[in-house]
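Only one structure is covered here, and it is reproduced in the block below.
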Amino acid sequence: MPSNALSSVKEQSLQKLSHYGPVTSLKIFKSSLILAGYGPILKVYSVDKASNTTKLIFQKQVFGRNKIHSIAVSDEGKILVCGGRSFAVLKVDEEHCKLQVGSERAINEWIVSCAFLNETTALILNSHNTVYKIDVSQWDTEDQHFSLLEEVHCNEKSILYSGSIRILGNGDVYVAAGTVMNGVIIWNYHTKQILHNLTDHEGSIFGVKIDRNGKYVVSCSDDRSIKLYDLETAQLLATGWGHGSRIWNLDFFLQMDADVKIMSAGEDCTLRFWQYNQQESSLDQLELIENAHLGKHIWSSDIDDETLGLCVSGGADGKIRVHDLQNRGTLLSYSLVEISKQTGLTFQKNEIIKQYCELEVQTLFLTSHGQFFAMKANDSSFVKVTIPETLSKEFNNFGIMHGFKQSNSAIVCTRTGALLKIAFADEQEPSFEWIIESSSPNKVTNFLSYKGETSTYMFTDCPNPQIPFTFHILDHRLKIQKTLTLAQPERTFTSTFMHIDETNNWLFLGSRHATIAIYDLNSNSNANISLQVSAVFRKMCPGDTITSISFIEGNHNEATLLVTVRDGIYMYVKFSRVEDQEEFKFTILQENKLSKGFLEGAMIKDGSLIVYGFKSSHFYIWNETKQVEITNELCGGAHRKWELITYDEEADIDYKFIYINKSSLFFKTFKGRFTDANYGIINEGTHGREIRDIAISPVAYDDGNRLLLTASEDTTVRLSSVDTNGIITTYWCMNNHVSGMQKIAFINEEYAGSTAANEEFIIWKLSKLQASKVPVITEFARLPPSSDIPDLRIMDFTTIESTEGDIIVAAVYSDSSIKLWYLNTNTAQFVPLVEDRYTTCCILNVNFIKVKGQVLLVTGTTDGNVTIWDALECFLSTTDNTVTKLGPMLVKQQLHQSGVKALAIQYNDNDIHIFTGGDDNALVVSKLILSSNEVILEPISFVESAASSTITSISLVSTNKIFVTSVDQIIRLWTFNGEDLECDAATYTTVSDTGCSDAFSGTTNGTSLLFVGGAGLSVWK
Amino acid sequence: MGKSSKDKRDLYYRKAKEQGWRARSAFKLLQLNERFDLFSDIERVVDLCAAPGSWSQVLSRELFQKQDKKNAKIVSVDLQPMVPIEGVTTIQADITHPKTLQEILNVFGGEPADFVCSDGAPDVTGLHDLDEYIQAQLILAALQLTTCILKPGGKFVAKVFRGRDIDLLYAQLSYLFEQVICAKPRSSRGTSLEAFIVCLGYKPRAGWQPKLELNKSTEEFFRGSGIGKAENMQYLELPEDERLIAKFIACGDINDVDSDATYTLDTLDKIQSLNPVQLPTAPPYKRALELKRLGQANSKRV
Ligand SMILES: C[S@@+](CC[C@H](N)C(=O)[O-])C[C@H]1O[C@@H](n2cnc3c(N)ncnc32)[C@H](O)[C@@H]1O
């Protein structure tokens, strides 16, 4: 029997610690469990309806190689899982908290779908439209003898892309088969007769289902539409359009007595709910959940609208999410007419609601004509707030109002900067008091306030740059303690946001052009002289208006703040100063740009970074840490006046969004049913597209955790940490790259680099927050592209430290270019040193070798060669400004028939070994011999068929031990004993498109962690 | 797909245009032939999954023009319609359907073929295991035809994607051919898993009579063929699969154009604006795109 001995070697010596990857099937079971086919692993989650929490109760790899693509359950609670050719029977024994798992069994064909005909008989639909009737009664006996009772078919054995089996209450069994070419075939399992061939779709059918009452068929195809049919008559009832790409999943709602409803999900990562209205030829889209998963593809879904009121989706990003079907918050709206009726106020024709603020038991409103009214929190009724006419006219056409819940008061600012306090007390009419009388004739454009721990602060600006700002410090009952004037920073300064750091007594003012000014409130106590600005940082990042500033962490003489810019940037900025010195410094620790329209603000909530703003006609709240949308509201677009109120955990709502649209007042409240349960993410995931490279930080934290950088086809870089159990926690998902990524690597503890197509090359700087220990990352330097339309791929890069502590960088390109730069770590500039070219073929790898006073540059290329240049000269000439060529080519040696896909260099005491892996399946060890007058690369060991497919990466594990991945989805550990390469271990990985790896050996316990990336990410030990 | 600046700089694309091939794929067959001398001693050929037809063009030029074989016969099959090529019989059909294979046999009228090739590739879904399965089905369908029509000693070439389980296919083919090689022409991108199995010296399985039946699936066709394909076990146990690694050979001159490289415009001679070599047929989602353009697709959010 022909055999490939290298597909399985001492498998038990490799232990899989964790895996993140495509969720290939989902099934809600008995209204209390969610079963997930997580590749070959079955995960079982319990759902607690009362607390809305889910918990992973079992997980077990049920198949060796195949992924679970379909799951069926029996009345008595047996579970049938199928995928590829494999199947297995299982049972959740809730009483004993046990998952009973039968052995993996197989038929000779790809399985499309499955069902239980009864407790002892399984039906398995194969990809040639044949149903295998299998006796599974022996599943829990020792032998587990399954027998194939019958192969049932309808005489039409087309290849299927999709299909399902529906067993009806009356015993009828229908097979719905989705073919590649011939539409949908519906046939009767018992009679083996074809009932219908539905050919309205174009292209392959990717999903087809029959509802549980046997009345309807729904299908989807390559044409991106959904078609609903009457099962009995085969009449096409309606078509649904809307998905932006292919649809993979369809499910009928369970409750279909009143309305026919369907859920769909697919490649565009949206979930959509549809309703069929009789007599209408289009399905009505009831709801759309966008960005349900990252990247591309929702592969699986299920719905329980009846008992749990939720649906569940699984993506290529490895995330499993539950989505609420019941509780969508409330939306209340009131027209001015209605408010007028309730309050008895008369509104002028052009009168509009200008300002509002939420107080303790009411929300207070101010109109453009100086009228006040309130909405009571208890019954949502509107009442007039009677205000003396003399006061009211002050607010005709102007008035900025801020609310202070604790003192149940509002402060309204007049055009000239006078401040009126409106205080509410129980059932009485409010009291009015000027806390600042208008003194100056100067106009005010903005009134800002900040409520701190010890005091409340208020600020009024003035468009005339000669006139100082006015700043008040108040106690919490809003009594003024102190008033200061602040000299305006030079040039026009439009204040947009104020923040006070009470620890250091610093005042931060945000402005346009991404500018922040700082006033040191300690430095002047003389009320007669204006306080001078201590620092103005202009254009801190690209973008314009600073929309929010809030506190992250601080200390004596330093404050790290969260800053948002309307154009979409958020950043963590550390402001600091040396004791007794005037000068302030700022460092951006974290900066990222979102492509989510206008970013209006951000906050940290339960350890997550929450951002909000407007994207086209919507207001959104997005959890940036978890990468999920919390809610959105179709409010008509960015508004001049809106308010987002955030509530703490105990409150019965999470957020309230107040806005005005078409002169009506809207209150949208939102309570996420799963907010407290990790936002409904029941399993964390990874990138939404293939991972192209993985890098582990060279140094571990005290707790043994390390940082993990991953670069993906989805163009993002993720910064995560990995613990010693292989559990990955992601902190940041960086959007700086816009092209498909090639490489990512740590340069040292502080810096990392990443490359991509379109000549993108970014150097990152990494650090850690002091208090929370959260790692942060920001773009430190970016290589300017060499042409206006850069279309070269930077395939790989390598670095070496210069004697001055700066970094020398080498990068190789798809057009055979090799370039070296000197990266100045103070200026973040790339200074060109070398521009050279290999041939015209694409260079795949590059490395420096620094040994015995020599510096060599090694490349691996698509023509199978490993080439070595002398690079010492370019090194010595780092000071003058000329761009040179590489030194002489010392070695050009063909080691592989085609592309040298992987290259790793091992430094030993005496010699250097270069391990290469090729597109030609071969693994080669070459020895680098350096003598004073020549350099020789001598291949010393060679395994021609080291994999059955392209070797994609080699990572050094320890001395002469390498970890190798290849697209045949086998991972292998090899040892080089000085003469031969020996395969120590080889086992299958479920990560397909296996393309990258990294490894490290723990210093403490000697175990190594191995990382495999591709369509998913696995950690092995 | 229109012409992107990438296309303009793809040297194989430009060469194809210059030499009158309908697709850059032509070079893959040409480079395979350079290495394996596929075109010698052949007269009757089946080209499966042939659209838009560059392989058929290569074969037609070779047999009718270069070798001047008046009796040469070329049958080309694809799901997609194909613009006619001199001397080539085209069939528009699904090769995984036994009916199609029967139709091809009928065209040959009982005569054997000397060479069967298939460059078939399905539209990928992104679920790698499913895509690999569908690809394997295309190859098996081609192999099914091959066992029915190829003369002993004949050649078979098919596109493969070197993913997991490719070693199963190598093992199966090794029962049917003297030599099974995994070849990668330089014109095939190194970043893609694409390669070609080159199977030389067909040796029919002793004691197995391939029989095409219209209601038999590919899997059923191969039952009892003894080529190491896993069949249903008595108690449906998980079978031990036979796996084999085929020899890998890169072909095409090492100095040939590298399909992974980016060529700068100054390395290219100036030629007039390039039109797509062959206009693609309408995609099934054309209507979805149209509706979107018209703003009629449902994009409402609640
Ligand atoms: C890469 S193209 C072939 C290019 C061709 N060799 C040439 O040189 O022009 C792949 C072809 O496979 C075809 N194909 C895919 N599945 C098929 C099937 N089941 N039956 C027939 N053709 C199929 C596609 O329609 C597509 O035209």
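Quick note on naming: the chains in the structure tokens go A, B, ... in the order shown, residues restart at 1 in each chain, and ligands are numbered from 1 in order of appearance.
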Against segment 968-988 of chain A, which residues of segment 90-161 of chain B fall within 12 Å? For each one I want the closest pair of atoms and the distance in Å (one decimal), counting only C-alpha atoms, rows by chain and increasing residue number, as JSON lines.
```
{"residue": "B:His128", "atom": "CA", "partner": "A:Gln969", "partner_atom": "CA", "distance": 11.1}
{"residue": "B:Asp129", "atom": "CA", "partner": "A:Gln969", "partner_atom": "CA", "distance": 11.0}
{"residue": "B:Glu132", "atom": "CA", "partner": "A:Asp968", "partner_atom": "CA", "distance": 11.4}
{"residue": "B:Phe161", "atom": "CA", "partner": "A:Asp968", "partner_atom": "CA", "distance": 10.0}
```
Give me the residues within 8 Å of segment 528-533 of chain A as a PDB file with all heavy atoms, in the first residue's frame, counting only C-alpha atoms and dropping any in the same chain fewer than 6 places off.
```pdb
ATOM      1  N   PRO A 468      -9.058  87.072  27.076  1.00  0.00           N
ATOM      2  CA  PRO A 468      -8.791  85.772  27.697  1.00  0.00           C
ATOM      3  C   PRO A 468     -10.064  84.943  27.870  1.00  0.00           C
ATOM      4  O   PRO A 468     -11.168  85.478  27.884  1.00  0.00           O
ATOM      5  CB  PRO A 468      -8.200  86.136  29.061  1.00  0.00           C
ATOM      6  CG  PRO A 468      -8.245  87.596  29.191  1.00  0.00           C
ATOM      7  CD  PRO A 468      -8.811  88.215  27.971  1.00  0.00           C
ATOM      8  N   LEU A 484     -10.859  82.340  37.151  1.00  0.00           N
ATOM      9  CA  LEU A 484      -9.558  82.703  36.590  1.00  0.00           C
ATOM     10  C   LEU A 484      -9.777  83.181  35.168  1.00  0.00           C
ATOM     11  O   LEU A 484     -10.772  82.827  34.535  1.00  0.00           O
ATOM     12  CB  LEU A 484      -8.657  81.468  36.481  1.00  0.00           C
ATOM     13  CG  LEU A 484      -8.278  80.695  37.715  1.00  0.00           C
ATOM     14  CD1 LEU A 484      -7.488  79.459  37.302  1.00  0.00           C
ATOM     15  CD2 LEU A 484      -7.422  81.571  38.613  1.00  0.00           C
ATOM     16  N   THR A 485      -8.820  83.921  34.659  1.00  0.00           N
ATOM     17  CA  THR A 485      -8.832  84.166  33.223  1.00  0.00           C
ATOM     18  C   THR A 485      -7.609  83.503  32.635  1.00  0.00           C
ATOM     19  O   THR A 485      -6.549  83.430  33.260  1.00  0.00           O
ATOM     20  CB  THR A 485      -8.827  85.671  32.888  1.00  0.00           C
ATOM     21  OG1 THR A 485      -7.713  86.269  33.535  1.00  0.00           O
ATOM     22  CG2 THR A 485     -10.105  86.339  33.367  1.00  0.00           C
ATOM     23  N   LEU A 486      -7.814  82.980  31.437  1.00  0.00           N
ATOM     24  CA  LEU A 486      -6.745  82.244  30.767  1.00  0.00           C
ATOM     25  C   LEU A 486      -6.392  82.972  29.481  1.00  0.00           C
ATOM     26  O   LEU A 486      -7.255  83.176  28.626  1.00  0.00           O
ATOM     27  CB  LEU A 486      -7.211  80.826  30.401  1.00  0.00           C
ATOM     28  CG  LEU A 486      -7.953  80.018  31.473  1.00  0.00           C
ATOM     29  CD1 LEU A 486      -8.433  78.695  30.873  1.00  0.00           C
ATOM     30  CD2 LEU A 486      -7.040  79.740  32.661  1.00  0.00           C
ATOM     31  N   ALA A 487      -5.146  83.360  29.368  1.00  0.00           N
ATOM     32  CA  ALA A 487      -4.722  84.017  28.135  1.00  0.00           C
ATOM     33  C   ALA A 487      -4.845  83.028  26.997  1.00  0.00           C
ATOM     34  O   ALA A 487      -4.459  81.864  27.131  1.00  0.00           O
ATOM     35  CB  ALA A 487      -3.280  84.478  28.266  1.00  0.00           C
ATOM     36  N   GLN A 488      -5.387  83.467  25.873  1.00  0.00           N
ATOM     37  CA  GLN A 488      -5.594  82.538  24.759  1.00  0.00           C
ATOM     38  C   GLN A 488      -4.252  82.149  24.139  1.00  0.00           C
ATOM     39  O   GLN A 488      -3.336  82.954  24.078  1.00  0.00           O
ATOM     40  CB  GLN A 488      -6.465  83.192  23.689  1.00  0.00           C
ATOM     41  CG  GLN A 488      -7.905  83.355  24.121  1.00  0.00           C
ATOM     42  CD  GLN A 488      -8.849  83.420  22.925  1.00  0.00           C
ATOM     43  OE1 GLN A 488      -8.546  82.908  21.855  1.00  0.00           O
ATOM     44  NE2 GLN A 488      -9.995  84.040  23.136  1.00  0.00           N
ATOM     45  N   PRO A 489      -4.153  80.921  23.660  1.00  0.00           N
ATOM     46  CA  PRO A 489      -2.935  80.537  22.938  1.00  0.00           C
ATOM     47  C   PRO A 489      -2.816  81.404  21.691  1.00  0.00           C
ATOM     48  O   PRO A 489      -3.804  81.944  21.200  1.00  0.00           O
ATOM     49  CB  PRO A 489      -3.189  79.084  22.543  1.00  0.00           C
ATOM     50  CG  PRO A 489      -4.300  78.627  23.416  1.00  0.00           C
ATOM     51  CD  PRO A 489      -5.123  79.817  23.741  1.00  0.00           C
ATOM     52  N   ALA A 517      -4.272  72.272  24.050  1.00  0.00           N
ATOM     53  CA  ALA A 517      -3.530  73.245  24.859  1.00  0.00           C
ATOM     54  C   ALA A 517      -3.621  72.823  26.317  1.00  0.00           C
ATOM     55  O   ALA A 517      -4.630  72.247  26.746  1.00  0.00           O
ATOM     56  CB  ALA A 517      -4.133  74.631  24.689  1.00  0.00           C
ATOM     57  N   ILE A 518      -2.558  73.093  27.077  1.00  0.00           N
ATOM     58  CA  ILE A 518      -2.555  72.753  28.504  1.00  0.00           C
ATOM     59  C   ILE A 518      -2.316  74.018  29.327  1.00  0.00           C
ATOM     60  O   ILE A 518      -1.432  74.816  29.010  1.00  0.00           O
ATOM     61  CB  ILE A 518      -1.444  71.735  28.846  1.00  0.00           C
ATOM     62  CG1 ILE A 518      -1.530  70.523  27.905  1.00  0.00           C
ATOM     63  CG2 ILE A 518      -1.533  71.297  30.305  1.00  0.00           C
ATOM     64  CD1 ILE A 518      -0.397  69.534  28.105  1.00  0.00           C
ATOM     65  N   TYR A 519      -3.121  74.188  30.351  1.00  0.00           N
ATOM     66  CA  TYR A 519      -2.894  75.247  31.337  1.00  0.00           C
ATOM     67  C   TYR A 519      -2.578  74.583  32.657  1.00  0.00           C
ATOM     68  O   TYR A 519      -3.279  73.640  33.054  1.00  0.00           O
ATOM     69  CB  TYR A 519      -4.150  76.114  31.505  1.00  0.00           C
ATOM     70  CG  TYR A 519      -4.440  76.998  30.311  1.00  0.00           C
ATOM     71  CD1 TYR A 519      -5.185  76.512  29.247  1.00  0.00           C
ATOM     72  CD2 TYR A 519      -3.962  78.305  30.251  1.00  0.00           C
ATOM     73  CE1 TYR A 519      -5.455  77.300  28.146  1.00  0.00           C
ATOM     74  CE2 TYR A 519      -4.223  79.115  29.143  1.00  0.00           C
ATOM     75  CZ  TYR A 519      -4.974  78.604  28.090  1.00  0.00           C
ATOM     76  OH  TYR A 519      -5.225  79.396  27.002  1.00  0.00           O
ATOM     77  N   ASP A 520      -1.550  75.055  33.299  1.00  0.00           N
ATOM     78  CA  ASP A 520      -1.218  74.526  34.622  1.00  0.00           C
ATOM     79  C   ASP A 520      -1.917  75.390  35.660  1.00  0.00           C
ATOM     80  O   ASP A 520      -1.561  76.550  35.853  1.00  0.00           O
ATOM     81  CB  ASP A 520       0.302  74.561  34.813  1.00  0.00           C
ATOM     82  CG  ASP A 520       0.690  74.004  36.167  1.00  0.00           C
ATOM     83  OD1 ASP A 520      -0.216  73.655  36.953  1.00  0.00           O
ATOM     84  OD2 ASP A 520       1.909  73.927  36.427  1.00  0.00           O
ATOM     85  N   LEU A 521      -2.937  74.842  36.301  1.00  0.00           N
ATOM     86  CA  LEU A 521      -3.762  75.651  37.202  1.00  0.00           C
ATOM     87  C   LEU A 521      -3.066  75.958  38.522  1.00  0.00           C
ATOM     88  O   LEU A 521      -3.538  76.739  39.323  1.00  0.00           O
ATOM     89  CB  LEU A 521      -5.093  74.939  37.469  1.00  0.00           C
ATOM     90  CG  LEU A 521      -5.950  74.674  36.225  1.00  0.00           C
ATOM     91  CD1 LEU A 521      -7.167  73.843  36.589  1.00  0.00           C
ATOM     92  CD2 LEU A 521      -6.369  75.975  35.563  1.00  0.00           C
TER      93      LEU A 521
END
```
Item to complete: Write out as a ChimeraX atom specification all residues of segment 37-198 of chain B that DSSP puts in alpha helix (DSSP H) for this structure's backbone.
Response: /B:54-60,98-108,128-149,166-174
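Take the candidates A:Leu886, A:Val260, A:Thr130, A:Ser25 and check each one against Asn215 of chain B using only C-alpha atoms; the shortest distance goes to A:Thr130.
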Item to complete: Return the neighbours of chain B among the residues of chain A, cut-off 7 Å, counting only C-alpha atoms, as a PyMOL selection string.
Response: chain A and resi 1-4+104-108+128+145-147+155-158+202-203+222-224+241-242+285+287-288+792+814-815+841-842+863+897-899+920+945+948-949+967-969+992
Worksheet entry | Which residue of B:Val83, B:Ala72, B:Leu169, B:Leu30 approaches Asp114 of chain B most closely, using only C-alpha atoms |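 The answer is B:Ala72, which sits nearest to Asp114 of chain B.
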Response to the item:
For ligand 1, the closest of A:Leu160, A:Ile28, A:Ile111, A:Leu561 counting only C-alpha atoms and all ligand atoms is A:Leu160
Please report, as a tab-separated table, each residue of chain A lying at most 10 Å from ligand 1, together with the nearest pair of atoms and the separation in Å rounded to one decimal; use only C-alpha atoms and all ligand atoms, and order rows by chain and ascending residue number.
```
residue	atom	partner	partner_atom_place_in_ligand_line	distance
A:Ile159	CA	ligand 1	19 (N)	9.0
A:Val180	CA	ligand 1	19 (N)	8.0
A:Met181	CA	ligand 1	19 (N)	8.3
```
Keeping all heavy atoms for every residue in the selection just given, could you write it to a file as a PDB file, in the first residue's frame?
```
ATOM      1  N   ILE A 159     -23.861  16.564  -8.491  1.00  0.00           N
ATOM      2  CA  ILE A 159     -23.075  16.997  -7.337  1.00  0.00           C
ATOM      3  C   ILE A 159     -23.810  18.117  -6.620  1.00  0.00           C
ATOM      4  O   ILE A 159     -24.371  19.010  -7.259  1.00  0.00           O
ATOM      5  CB  ILE A 159     -21.687  17.518  -7.762  1.00  0.00           C
ATOM      6  CG1 ILE A 159     -20.896  16.397  -8.403  1.00  0.00           C
ATOM      7  CG2 ILE A 159     -20.927  18.038  -6.556  1.00  0.00           C
ATOM      8  CD1 ILE A 159     -19.417  16.645  -8.425  1.00  0.00           C
ATOM      9  N   VAL A 180     -24.969  21.980  -8.262  1.00  0.00           N
ATOM     10  CA  VAL A 180     -24.008  22.932  -8.813  1.00  0.00           C
ATOM     11  C   VAL A 180     -24.591  23.598 -10.055  1.00  0.00           C
ATOM     12  O   VAL A 180     -24.409  24.782 -10.301  1.00  0.00           O
ATOM     13  CB  VAL A 180     -22.698  22.187  -9.168  1.00  0.00           C
ATOM     14  CG1 VAL A 180     -21.718  23.106  -9.877  1.00  0.00           C
ATOM     15  CG2 VAL A 180     -22.072  21.618  -7.912  1.00  0.00           C
ATOM     16  N   MET A 181     -25.318  22.792 -10.842  1.00  0.00           N
ATOM     17  CA  MET A 181     -25.748  23.275 -12.159  1.00  0.00           C
ATOM     18  C   MET A 181     -27.258  23.304 -12.356  1.00  0.00           C
ATOM     19  O   MET A 181     -27.766  24.049 -13.173  1.00  0.00           O
ATOM     20  CB  MET A 181     -25.188  22.324 -13.229  1.00  0.00           C
ATOM     21  CG  MET A 181     -23.777  22.564 -13.589  1.00  0.00           C
ATOM     22  SD  MET A 181     -23.630  24.097 -14.480  1.00  0.00           S
ATOM     23  CE  MET A 181     -24.323  23.657 -16.074  1.00  0.00           C
TER      24      MET A 181
END
```
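Atom pair atom CA of Leu56 of chain A / atom CA of Ser31 of chain A has a distance of 15.4 Å (rounded to one decimal).
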Response to the item:
Correct to one decimal, the distance atom CA of Gly120 of chain B-atom CA of Phe222 of chain B is 20.2 Å
Item to complete: Tell me which of A:Leu33, A:Ala602, A:Leu665, A:Leu237 sits closest to Thr307 of chain A, counting only C-alpha atoms.
Response: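 Residue with the minimum atom-to-atom distance to Thr307 of chain A: A:Leu33.
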Worksheet entry | Residues within 6 Å of His618 of chain A, only C-alpha atoms, excluding chain neighbours under 2 positions, as a ChimeraX atom specification | /A:614-616,633-635,637
Can those selected residues be exported to a file as a PDB file, in the first residue's frame so that it contains N, CA, C and O atoms?
```pdb
ATOM      1  N   PHE A 614     -21.150  59.144  14.066  1.00  0.00           N
ATOM      2  CA  PHE A 614     -22.137  59.077  12.994  1.00  0.00           C
ATOM      3  C   PHE A 614     -21.504  58.510  11.750  1.00  0.00           C
ATOM      4  O   PHE A 614     -20.441  58.946  11.323  1.00  0.00           O
ATOM      5  N   LYS A 615     -22.164  57.529  11.181  1.00  0.00           N
ATOM      6  CA  LYS A 615     -21.733  57.049   9.875  1.00  0.00           C
ATOM      7  C   LYS A 615     -22.931  57.153   8.941  1.00  0.00           C
ATOM      8  O   LYS A 615     -23.977  56.562   9.207  1.00  0.00           O
ATOM      9  N   SER A 616     -22.778  57.876   7.871  1.00  0.00           N
ATOM     10  CA  SER A 616     -23.857  58.275   6.955  1.00  0.00           C
ATOM     11  C   SER A 616     -25.107  58.644   7.755  1.00  0.00           C
ATOM     12  O   SER A 616     -25.048  59.578   8.534  1.00  0.00           O
ATOM     13  N   GLU A 633     -28.498  53.610  15.352  1.00  0.00           N
ATOM     14  CA  GLU A 633     -29.795  54.258  15.251  1.00  0.00           C
ATOM     15  C   GLU A 633     -29.840  55.058  13.961  1.00  0.00           C
ATOM     16  O   GLU A 633     -28.935  55.859  13.681  1.00  0.00           O
ATOM     17  N   LEU A 634     -30.862  54.806  13.171  1.00  0.00           N
ATOM     18  CA  LEU A 634     -31.052  55.558  11.941  1.00  0.00           C
ATOM     19  C   LEU A 634     -31.619  56.918  12.320  1.00  0.00           C
ATOM     20  O   LEU A 634     -32.820  57.062  12.536  1.00  0.00           O
ATOM     21  N   CYS A 635     -30.741  57.911  12.474  1.00  0.00           N
ATOM     22  CA  CYS A 635     -31.194  59.183  13.022  1.00  0.00           C
ATOM     23  C   CYS A 635     -31.145  60.281  11.977  1.00  0.00           C
ATOM     24  O   CYS A 635     -31.439  61.436  12.255  1.00  0.00           O
ATOM     25  N   GLY A 637     -28.406  61.237  10.279  1.00  0.00           N
ATOM     26  CA  GLY A 637     -27.073  61.774  10.033  1.00  0.00           C
ATOM     27  C   GLY A 637     -26.546  62.588  11.189  1.00  0.00           C
ATOM     28  O   GLY A 637     -27.199  62.709  12.232  1.00  0.00           O
TER      29      GLY A 637
END
```
Discussion item. What does the structure give for the distance between atom CA of Gly1013 of chain A and atom CA of Asp993 of chain A, in Å to one decimal?
Written reply: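 Those two atoms sit 8.2 Å apart.
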